Each structure stands twice: as structure tokens, then as C-alpha cells.
Amino acid sequence: MSDAPTREVARRTFASEFNDASYTFKESDDERAPNYALLPTGERANRVFVVGTVTEKEDVGEDSEYWRGRVVDPTGTFFMYAGQYQPDAASVLRDLEPPEYVAVVGKPRTYETDDGTVNVSVRPESISIVDAATRDRWVVETADRTLDRLERFEAGETSEESPDPSGVYEYVEMAREQYDLPVENYRRDLVTALESLDEGKAPEDDAQVEAE
């Protein structure tokens with residue numbers, strides 16, 4: 001039996017919720033323990049899976065290549081950064097020509113600016129160029145997962161009366177403590193995302209919307 005650690009599930013999340021996930025934590029004092037971002041709907045995320053349109057890329061490195069990409073979904077923008085420690089992802093980002101649909105698996109990262117603002121980004125493990133059908137399936141699946149989290153978040157109000165042996169409400173309570181955010185906004189965003197599928201947008205349309 002292998003002792004190799006298993007990879008964490010990559011959570012699906014829309015950009016609007018991901019960018020609000022500014023609180024990070026570990027669940028043990030072990031220096032190798034994974035870092036988690038806390039989604040405001042009450043789920044921990046060590047890895048995320050996002051699909052959208054790369055609308056812009058730029059090498060922002062000084063001594064070596066360090067690529068920044070903007071990935072747009074129907075609710076907002078993900079920022080991702082890839083350099084020498086993510087060579088495969090950096091290579092894809094370097095070579096693609098925006099606008100392009102991509103699927104990204106990576107780890108959430110936070111950075112606090114001098115004024116105290118916490119910016120959230122993705123450190124990609126992999127970037128794949130995909131088609132519109134893949135993007136559409138991701139939107140539908142991410143809407144479903146977001147709705148599941150919202151329903152669990154609301155049910156968490158009665159979690160003391162409803163024993164939870166799986167511990168999932170632990171992260172709901174943590175989100176309530178760490179964030180003062182109207183989670184109903186994410187319900188609105190998922191509806192907007194689903195409605196966008198009926199409009200049949202192309203990557204060029206996403207790039208134009210972001211530019212306006």
C-alpha cells in the first residue's frame with residue numbers, strides 16, 4: 001500500500017466567490033500540512049478547478065519569466081501566476097494567444113497589500129486549452145456545486161439539532177465567523193452564469209465585456 005499523499009479534491013467555484021475567499025488556514029501544526037482557502041459558502045479548498053476565457057497574459061517577472069493571466073468566467077475574473085516552479089503551466093500561458101478558453105487546476109494563493117486588502121489568485125498546476133462545450137459544462141457543474149454549498153450553508157443554522165458526523169458544517173460555521181458577506185449574492189451569480197449560456201458567447205465576447 002502506497003504511503004504517498006492523496007491529492008485534495010479540486011473545488012469548482014465561480015470567480016465572484018473565489019475572489020472573496022481571503023481567509024486561509026491549516027488543520028494541523030505540521031509544516032507540511034496543506035493550506036486551505038475558505039470559500040464563503042462554507043467549504044475548504046486546497047485546490048480549485050476553473051474554466052474561462054484568457055483575455056490577457058503578461059510576463060511580469062524581473063529576473064526570470066513569471067506569467068500573469070486573466071481568466072474570465074460569467075461572474076468575474078480569476079488571476080493566475082505561473083513561473084519557474086510551474087513550468088508546464090507557464091509554458092502553456094506563454095504560448096497561447098488570447099482570447100482562448102482554458103481549464104485550470106491550481107492552488108489558491110492570497111497576498112495582502114500595503115493597505116490591508118487581500119488579493120486572491122490561482123497558482124496553476126495545469127492549464128489546458130478547451131472548447132466552448134467544456135466551458136459550458138463547467139458553468140453548469142459549478143452552479144450545481146455552488147447551490148449545494150448554499151443549501152448546506154442555510155441548513156447549518158440548525159446543525160446543532162442535526163448531528164453531522166461528516167463534519168461538513170464545521171466549515172460553514174468557520175465561514176460565518178470569518179466573513180460578513182451576503183452569500184445570497186452567489187445565488188444571484190450562479191443564475192447569471194447559467195443565463196449566460198443561452199447567449200452563446202464566444203471567447204472574443206468575454207474579452208470585450210471585460211474591456212468595457
# chains A, B, ... in the order shown; residues from 1 in each chain; ligands from 1
$ select_by_dssp --residues "stretch 1-94 of chain A" --states "strand (DSSP E)" --output "PyMOL selection string"
chain A and resi 10-12+24-25+36-39+43-45+47-59+67-73+76-82
$ write_last_selection --atoms "C-alpha atoms" --output "PDB file, in the first residue's frame"
ATOM      1  CA  ALA A  10     -10.219  20.430  -6.784  1.00  0.00           C
ATOM      2  CA  ARG A  11     -13.259  22.522  -5.875  1.00  0.00           C
ATOM      3  CA  ARG A  12     -15.343  24.208  -8.543  1.00  0.00           C
ATOM      4  CA  THR A  24      -6.638  30.723   4.703  1.00  0.00           C
ATOM      5  CA  PHE A  25      -5.814  28.128   7.344  1.00  0.00           C
ATOM      6  CA  TYR A  36      -6.761  25.786   2.623  1.00  0.00           C
ATOM      7  CA  ALA A  37      -8.716  28.760   1.366  1.00  0.00           C
ATOM      8  CA  LEU A  38     -12.132  29.052   2.993  1.00  0.00           C
ATOM      9  CA  LEU A  39     -14.910  29.614   0.472  1.00  0.00           C
ATOM     10  CA  GLU A  43     -16.149  24.787   2.037  1.00  0.00           C
ATOM     11  CA  ARG A  44     -12.392  24.407   2.333  1.00  0.00           C
ATOM     12  CA  ALA A  45     -10.361  24.420  -0.884  1.00  0.00           C
ATOM     13  CA  ARG A  47      -7.119  23.115  -4.969  1.00  0.00           C
ATOM     14  CA  VAL A  48      -9.604  24.644  -7.397  1.00  0.00           C
ATOM     15  CA  PHE A  49     -10.805  23.790 -10.899  1.00  0.00           C
ATOM     16  CA  VAL A  50     -11.825  26.775 -13.020  1.00  0.00           C
ATOM     17  CA  VAL A  51     -12.705  27.258 -16.686  1.00  0.00           C
ATOM     18  CA  GLY A  52     -12.959  30.544 -18.504  1.00  0.00           C
ATOM     19  CA  THR A  53     -11.507  32.804 -21.149  1.00  0.00           C
ATOM     20  CA  VAL A  54      -7.917  34.002 -21.002  1.00  0.00           C
ATOM     21  CA  THR A  55      -8.346  37.627 -22.005  1.00  0.00           C
ATOM     22  CA  GLU A  56      -4.850  38.837 -21.221  1.00  0.00           C
ATOM     23  CA  LYS A  57      -1.403  37.492 -20.382  1.00  0.00           C
ATOM     24  CA  GLU A  58       1.785  39.279 -19.390  1.00  0.00           C
ATOM     25  CA  ASP A  59       5.293  38.355 -18.315  1.00  0.00           C
ATOM     26  CA  TRP A  67       3.447  34.939 -16.261  1.00  0.00           C
ATOM     27  CA  ARG A  68       0.208  36.556 -15.140  1.00  0.00           C
ATOM     28  CA  GLY A  69      -3.039  35.599 -16.827  1.00  0.00           C
ATOM     29  CA  ARG A  70      -6.561  36.946 -16.525  1.00  0.00           C
ATOM     30  CA  VAL A  71      -9.263  34.276 -16.822  1.00  0.00           C
ATOM     31  CA  VAL A  72     -12.851  35.496 -17.103  1.00  0.00           C
ATOM     32  CA  ASP A  73     -15.953  33.496 -16.217  1.00  0.00           C
ATOM     33  CA  GLY A  76     -15.782  37.889 -12.720  1.00  0.00           C
ATOM     34  CA  THR A  77     -12.036  37.433 -13.199  1.00  0.00           C
ATOM     35  CA  PHE A  78      -9.513  34.932 -11.854  1.00  0.00           C
ATOM     36  CA  PHE A  79      -5.870  35.984 -11.763  1.00  0.00           C
ATOM     37  CA  MET A  80      -3.268  33.255 -12.145  1.00  0.00           C
ATOM     38  CA  TYR A  81       0.519  33.377 -11.858  1.00  0.00           C
ATOM     39  CA  ALA A  82       2.968  30.776 -13.171  1.00  0.00           C
TER      40      ALA A  82
END
$ select_by_dssp --residues "stretch 64-130 of chain A" --states "alpha helix (DSSP H)" --output "CSV table (one decimal) with N, CA and C atoms, in the first residue's frame"
chain,number,residue,atom,x,y,z
A,87,PRO,N,6.5,25.0,-14.5
A,87,PRO,CA,6.9,25.1,-15.9
A,87,PRO,C,5.9,24.8,-16.9
A,88,ASP,N,5.2,23.7,-16.7
A,88,ASP,CA,4.2,23.3,-17.7
A,88,ASP,C,3.1,24.3,-17.9
A,89,ALA,N,2.6,24.8,-16.8
A,89,ALA,CA,1.5,25.9,-16.8
A,89,ALA,C,2.1,27.1,-17.4
A,90,ALA,N,3.3,27.5,-17.1
A,90,ALA,CA,3.9,28.7,-17.6
A,90,ALA,C,4.1,28.6,-19.1
A,91,SER,N,4.5,27.4,-19.6
A,91,SER,CA,4.7,27.2,-21.0
A,91,SER,C,3.4,27.4,-21.8
A,92,VAL,N,2.3,26.8,-21.3
A,92,VAL,CA,1.0,27.0,-21.9
A,92,VAL,C,0.6,28.4,-22.0
A,93,LEU,N,0.8,29.1,-20.9
A,93,LEU,CA,0.4,30.5,-20.8
A,93,LEU,C,1.2,31.4,-21.7
A,94,ARG,N,2.5,31.1,-21.8
A,94,ARG,CA,3.4,31.8,-22.7
A,94,ARG,C,3.0,31.6,-24.2
A,95,ASP,N,2.6,30.4,-24.6
A,95,ASP,CA,2.4,30.1,-26.0
A,95,ASP,C,0.9,30.4,-26.5
$ closest_atom_pairs --of "stretch 48-164 of chain A" --to "stretch 172-190 of chain A" --cutoff "7 Å" --atoms "only C-alpha atoms" --output "Markdown table"
| residue | atom | partner | partner_atom | distance |
| --- | --- | --- | --- | --- |
| A:Thr75 | CA | A:Asp189 | CA | 6.0 |
| A:Ala143 | CA | A:Leu190 | CA | 5.2 |
| A:Leu147 | CA | A:Arg187 | CA | 6.9 |
| A:Phe153 | CA | A:Val172 | CA | 5.7 |
| A:Gly156 | CA | A:Val172 | CA | 6.5 |
$ residues_around --residues "A:Leu194" --least-positions-apart "2" --cutoff "8 Å" --atoms "only C-alpha atoms" --output "ChimeraX atom specification"
/A:139-140,143,190-192,196-198
$ residues_around --residues "A:Val130" --least-positions-apart "6" --cutoff "8 Å" --atoms "only C-alpha atoms" --output "PyMOL selection string"
chain A and resi 101-103
$ closest_residue --among "A:Thr41, A:Ser121, A:Ser28, A:Gln84" --to "A:Ala15" --atoms "only C-alpha atoms"
A:Ser121
$ atom_distance --atom1 "atom CA of A:Asp29" --atom2 "atom CA of A:Thr113"
25.8 Å
$ atom_distance --atom1 "atom CA of A:Pro40" --atom2 "atom CA of A:Phe18"
8.3 Å
